[in-house]
file model_38.cif (mmCIF, C-alpha atoms)
data_target
loop_
_atom_site.label_atom_id
_atom_site.label_comp_id
_atom_site.auth_asym_id
_atom_site.auth_seq_id
_atom_site.Cartn_x
_atom_site.Cartn_y
_atom_site.Cartn_z
CA MET U 84 114.17 -24.72 143.24
CA THR U 85 115.75 -21.71 141.57
CA LEU U 86 114.48 -20.14 138.37
CA LYS U 87 116.96 -20.03 135.49
CA LEU U 88 116.93 -18.58 131.98
CA ARG U 89 117.60 -20.87 129.01
CA SER U 90 117.86 -19.17 125.63
CA VAL U 91 118.64 -19.59 121.94
CA GLY U 92 118.85 -17.06 119.15
CA THR U 93 118.94 -17.12 115.37
CA SER U 94 118.98 -14.58 112.56
CA ASP U 95 118.38 -14.54 108.82
CA ARG U 96 119.03 -11.78 106.29
CA GLY U 97 115.64 -12.42 104.67
CA LEU U 98 114.84 -12.66 100.98
CA ILE U 99 115.32 -9.04 99.88
CA ARG U 100 118.23 -7.50 101.78
CA SER U 101 121.79 -8.11 100.58
CA GLY U 102 123.18 -8.28 104.11
CA ASN U 103 122.11 -8.63 107.73
CA GLN U 104 122.14 -5.54 109.97
CA ASP U 105 120.62 -7.36 112.96
CA ALA U 106 122.66 -8.63 115.91
CA LEU U 107 121.74 -10.70 118.95
CA HIS U 108 122.93 -12.13 122.24
CA ALA U 109 121.43 -15.23 123.83
CA GLY U 110 123.07 -16.17 127.11
CA PRO U 111 122.21 -17.59 130.55
CA TRP U 112 121.54 -14.19 132.14
CA LEU U 113 121.13 -11.76 129.25
CA VAL U 114 119.24 -11.85 125.96
CA ALA U 115 119.21 -8.97 123.50
CA VAL U 116 118.26 -8.03 119.94
CA ALA U 117 119.56 -5.04 117.96
CA ASP U 118 118.37 -3.94 114.51
CA GLY U 119 120.78 -1.59 112.75
CA MET U 120 119.85 1.22 110.42
CA GLY U 121 121.59 3.82 108.29
CA GLY U 122 123.08 1.98 105.35
CA MET U 123 124.78 -1.39 105.14
CA ALA U 124 128.23 -0.65 106.55
CA ALA U 125 126.88 1.62 109.28
CA GLY U 126 123.77 -0.36 110.22
CA ASP U 127 125.54 -3.60 110.96
CA LEU U 128 128.29 -1.69 112.77
CA ALA U 129 125.78 0.10 115.00
CA SER U 130 123.99 -3.11 116.00
CA ALA U 131 127.32 -4.85 116.62
CA ILE U 132 128.46 -1.97 118.84
CA ALA U 133 125.23 -2.19 120.87
CA ILE U 134 125.43 -5.94 121.40
CA THR U 135 129.16 -5.76 122.22
CA ALA U 136 128.36 -3.07 124.81
CA VAL U 137 125.69 -5.10 126.63
CA ALA U 138 127.21 -8.59 126.26
CA PRO U 139 129.45 -8.21 129.36
CA LEU U 140 126.25 -7.87 131.43
CA ASP U 141 125.71 -11.62 130.91
CA VAL U 142 126.88 -12.41 134.44
CA GLU U 143 125.25 -13.05 137.80
CA THR U 144 123.75 -9.69 138.80
CA PRO U 145 122.00 -8.78 142.06
CA GLU U 146 118.32 -7.93 141.75
CA ASP U 147 118.82 -4.34 142.85
CA ALA U 148 121.53 -3.73 140.23
CA LEU U 149 119.70 -4.93 137.10
CA VAL U 150 118.40 -1.59 135.80
CA ALA U 151 121.65 0.23 136.57
CA ALA U 152 123.57 -2.46 134.67
CA LEU U 153 121.35 -2.05 131.62
CA GLN U 154 121.67 1.74 131.84
CA SER U 155 125.46 1.45 131.86
CA GLY U 156 125.34 -0.87 128.85
CA ILE U 157 123.23 1.56 126.86
CA GLU U 158 125.49 4.47 127.81
CA LEU U 159 128.47 2.43 126.58
CA ALA U 160 126.67 1.65 123.32
CA THR U 161 125.80 5.32 122.82
CA THR U 162 129.42 6.34 123.38
CA GLY U 163 130.65 3.67 120.97
CA ILE U 164 128.28 4.74 118.22
CA ARG U 165 129.14 8.42 118.72
CA GLN U 166 132.85 7.55 118.44
CA ALA U 167 132.27 5.48 115.27
CA VAL U 168 130.46 8.42 113.65
CA SER U 169 133.24 10.84 114.62
CA GLU U 170 135.79 8.51 113.00
CA ASP U 171 133.90 8.49 109.70
CA PRO U 172 131.42 11.31 108.91
CA GLU U 173 129.77 9.12 106.27
CA ARG U 174 128.33 7.10 109.16
CA GLN U 175 126.27 10.11 110.27
CA GLY U 176 122.69 8.94 110.85
CA MET U 177 123.56 5.35 111.62
CA GLY U 178 121.85 3.80 114.60
CA THR U 179 120.27 0.72 116.07
CA THR U 180 117.33 -0.45 118.10
CA LEU U 181 118.04 -2.40 121.29
CA THR U 182 115.77 -4.61 123.33
CA ALA U 183 117.48 -6.44 126.20
CA LEU U 184 116.37 -8.60 129.11
CA LEU U 185 118.62 -9.18 132.13
CA PHE U 186 117.83 -11.98 134.61
CA ALA U 187 118.79 -11.67 138.29
CA ARG U 188 121.15 -14.25 139.79
CA THR U 189 118.46 -15.18 142.33
CA GLY U 190 115.89 -15.84 139.60
CA SER U 191 113.46 -13.60 141.48
CA CYS U 192 113.47 -10.62 139.10
CA LEU U 193 114.30 -9.54 135.59
CA ALA U 194 114.76 -6.15 133.97
CA LEU U 195 114.05 -4.95 130.45
CA ALA U 196 115.61 -2.11 128.49
CA HIS U 197 114.12 -0.95 125.20
CA VAL U 198 114.80 1.62 122.47
CA GLY U 199 113.31 1.51 118.96
CA ASP U 200 110.94 -0.98 117.35
CA SER U 201 112.41 -4.37 118.12
CA ARG U 202 110.08 -6.11 120.56
CA ALA U 203 109.87 -8.24 123.68
CA TYR U 204 106.85 -10.52 124.06
CA LEU U 205 105.93 -12.60 127.11
CA PHE U 206 104.08 -15.87 126.56
CA ARG U 207 102.65 -16.82 129.96
CA GLU U 208 100.03 -19.50 130.62
CA GLY U 209 98.97 -19.58 126.98
CA VAL U 210 98.61 -15.82 126.58
CA LEU U 211 100.95 -13.66 124.47
CA LYS U 212 101.55 -10.09 125.60
CA GLN U 213 103.71 -7.46 123.94
CA ILE U 214 105.74 -5.99 126.81
CA THR U 215 107.66 -3.29 124.94
CA ARG U 216 106.10 -0.29 123.21
CA ASP U 217 107.38 0.61 119.76
CA ASP U 218 109.24 3.91 119.51
CA THR U 219 107.67 4.64 116.11
CA TYR U 220 105.70 7.33 114.34
CA VAL U 221 102.71 5.02 113.82
CA GLN U 222 102.65 3.99 117.50
CA MET U 223 102.46 7.69 118.34
CA LEU U 224 99.45 7.99 116.01
CA VAL U 225 97.84 4.96 117.70
CA ASP U 226 98.45 6.47 121.14
CA GLN U 227 96.77 9.69 119.99
CA GLY U 228 93.76 7.75 118.69
CA LEU U 229 94.36 8.89 115.11
CA ILE U 230 94.71 5.37 113.68
CA THR U 231 93.94 1.85 114.89
CA PRO U 232 96.58 -0.83 115.57
CA ASP U 233 95.36 -2.64 112.45
CA GLN U 234 95.88 0.49 110.37
CA ALA U 235 99.33 0.90 111.90
CA SER U 236 100.40 -2.53 110.65
CA SER U 237 99.98 -1.45 107.02
CA HIS U 238 100.78 2.26 107.36
CA PRO U 239 103.33 3.51 104.77
CA ARG U 240 105.41 5.12 107.55
CA ARG U 241 105.38 2.17 109.94
CA ALA U 242 109.18 1.80 109.66
CA VAL U 243 109.86 5.34 110.92
CA VAL U 244 111.36 5.12 114.42
CA THR U 245 111.12 8.07 116.79
CA GLN U 246 114.23 7.14 118.73
CA ALA U 247 117.15 4.74 118.46
CA LEU U 248 120.74 4.49 119.69
CA GLN U 249 122.53 6.98 117.42
CA GLY U 250 125.20 8.48 119.64
CA ASP U 251 122.97 11.20 121.07
CA GLU U 252 121.02 11.41 124.30
CA VAL U 253 118.23 8.85 124.32
CA SER U 254 115.35 7.97 126.66
CA PRO U 255 115.14 4.19 126.89
CA THR U 256 112.24 2.46 128.60
CA TYR U 257 113.18 0.36 131.62
CA ALA U 258 110.94 -2.07 133.48
CA THR U 259 111.27 -4.82 136.06
CA MET U 260 109.10 -7.92 136.35
CA VAL U 261 108.80 -11.03 138.48
CA PRO U 262 109.43 -14.16 136.37
CA TRP U 263 107.27 -17.27 136.63
CA ALA U 264 108.36 -20.81 135.97
CA GLY U 265 107.11 -21.68 132.48
CA ASP U 266 107.36 -18.15 131.10
CA ARG U 267 108.60 -17.96 127.52
CA TRP U 268 110.10 -14.73 126.25
CA LEU U 269 110.42 -13.78 122.60
CA LEU U 270 112.71 -10.94 121.58
CA CYS U 271 112.62 -10.12 117.89
CA SER U 272 113.43 -7.54 115.24
CA ASP U 273 110.62 -6.01 113.22
CA GLY U 274 111.49 -8.41 110.41
CA LEU U 275 109.30 -10.87 112.32
CA SER U 276 106.68 -8.66 113.98
CA ASN U 277 105.92 -6.70 110.79
CA VAL U 278 104.98 -9.78 108.78
CA VAL U 279 103.79 -12.48 111.22
CA ARG U 280 100.60 -11.88 113.18
CA PRO U 281 100.66 -12.05 117.00
CA ASP U 282 98.13 -14.92 117.08
CA THR U 283 100.38 -16.94 114.76
CA ILE U 284 103.40 -16.16 116.92
CA ALA U 285 101.47 -17.35 119.98
CA GLU U 286 100.58 -20.63 118.27
CA VAL U 287 104.23 -21.30 117.42
CA LEU U 288 105.40 -20.49 120.95
CA ALA U 289 102.78 -22.90 122.33
CA GLU U 290 103.33 -25.75 119.87
CA HIS U 291 107.13 -25.90 119.78
CA PRO U 292 108.58 -26.51 123.25
CA ASP U 293 112.05 -27.04 121.76
CA ARG U 294 113.62 -23.58 121.66
CA ASP U 295 115.68 -24.16 118.52
CA GLU U 296 112.70 -25.54 116.63
CA CYS U 297 110.53 -22.67 117.81
CA ALA U 298 113.02 -20.01 116.68
CA ARG U 299 113.51 -21.71 113.30
CA LYS U 300 109.75 -21.97 112.75
CA LEU U 301 109.28 -18.25 113.40
CA ILE U 302 112.07 -17.39 110.97
CA ASP U 303 110.52 -19.70 108.37
CA LEU U 304 107.14 -17.96 108.75
CA ALA U 305 108.75 -14.57 108.18
CA LEU U 306 110.46 -15.88 105.05
CA ARG U 307 107.21 -17.40 103.79
CA ALA U 308 105.62 -13.98 104.24
CA GLY U 309 108.14 -12.55 101.80
CA GLY U 310 111.10 -11.98 104.13
CA PRO U 311 111.33 -8.28 103.24
CA ASP U 312 113.71 -7.50 106.10
CA ASN U 313 116.38 -9.11 108.22
CA VAL U 314 114.66 -11.26 110.84
CA THR U 315 116.09 -12.09 114.26
CA VAL U 316 114.51 -14.19 116.99
CA VAL U 317 115.60 -14.99 120.56
CA ILE U 318 113.60 -17.50 122.60
CA ALA U 319 114.22 -17.48 126.36
CA ASP U 320 112.47 -19.89 128.72
CA VAL U 321 112.22 -19.51 132.49
CA VAL U 322 112.80 -22.97 133.95
CA GLU U 323 113.06 -24.49 137.43
CA GLU U 324 116.39 -26.09 138.32
#

call {"tool": "encode", "arguments": {"input": "model_38.cif", "output": "structure tokens"}}
result
Amino acid sequence: MTLKLRSVGTSDRGLIRSGNQDALHAGPWLVAVADGMGGMAAGDLASAIAITAVAPLDVETPEDALVAALQSGIELATTGIRQAVSEDPERQGMGTTLTALLFARTGSCLALAHVGDSRAYLFREGVLKQITRDDTYVQMLVDQGLITPDQASSHPRRAVVTQALQGDEVSPTYATMVPWAGDRWLLCSDGLSNVVRPDTIAEVLAEHPDRDECARKLIDLALRAGGPDNVTVVIADVVEE
């Protein structure tokens, strides 16, 4: 039996924002979430550039080429954003987060790439674990022991990212992991993680085996919590086939 990735994704502009600056990809080998920033026209352009850059990676990739493929995708996204800014100086400052997971053709390995404050969670054997680390000012304060994670969740500067794809040099985090049959991955923008508690997210992931239903439920919870931001969810299950 070979392990395969089965995914769905959905996005909502929320209840406050006039447009949606998030973008996503949910395919058989690649899943990704990007959350744009820097004003309406520029934010949605930046996230679209990032997803367009990584989408061609959604092909059968050897295990030893996963990280290099993600690196090339991020380099392409960086170049695209830099070019977009050079074409229109008013786009200066635009950028996007990117969290992407690439599954090996053998099913024996996966790789993650991460910049910004979108997140990847792994729900394995009933336990939810945040795999990515937020590139944010408040996470830096938590790491230094100056505030607690609970204080970070309500900190007035919690939306300040310390790095994103903005056309300049960036230092993404890369990681590889061995998938297990039954793993469920959640990739999301901070429109979900800022307003829905991790224990609630875990309950939804456990109680809704249908991926579409699960994604819709998480979006609904974010909207019920006020929907202050665009909210994007990708659910990816590791299955035996």

call {"tool": "closest_residue", "arguments": {"input": "model_38.cif", "among": "U:Thr245, U:Thr161, U:Ser237, U:Thr93", "to": "Met223 in chain U", "atoms": "only C-alpha atoms"}}
result
U:Thr245

call {"tool": "resolve_selection", "arguments": {"input": "model_38.cif", "expression": "the PyMOL selection byres ((chain U and resi 157-159) around 12)", "output": "JSON, numbers by chain"}}
result
{"U": [115, 117, 130, 132, 133, 134, 135, 136, 137, 138, 139, 140, 150, 151, 152, 153, 154, 155, 156, 160, 161, 162, 163, 164, 165, 166, 179, 180, 181, 182, 183, 195, 196, 197, 198, 247, 248, 249, 250, 251, 252, 253, 254, 255, 256, 257]}

call {"tool": "atom_distance", "arguments": {"input": "model_38.cif", "atom1": "CA of Gly92 in chain U", "atom2": "CA of Met260 in chain U"}}
result
21.8 Å

call {"tool": "resolve_selection", "arguments": {"input": "model_38.cif", "expression": "the PyMOL selection byres ((chain U and resi 244) around 9)", "output": "PyMOL selection string"}}
result
chain U and resi 180+199-200+217-221+241-243+245-247

call {"tool": "resolve_selection", "arguments": {"input": "model_38.cif", "expression": "the PyMOL selection byres ((chain U and resi 268) around 10)", "output": "PyMOL selection string"}}
result
chain U and resi 88+90+114+184+203-207+211-214+265-267+269-271+288+317-321

call {"tool": "atom_distance", "arguments": {"input": "model_38.cif", "atom1": "CA of Ala308 in chain U", "atom2": "CA of Gly178 in chain U"}}
result
26.2 Å
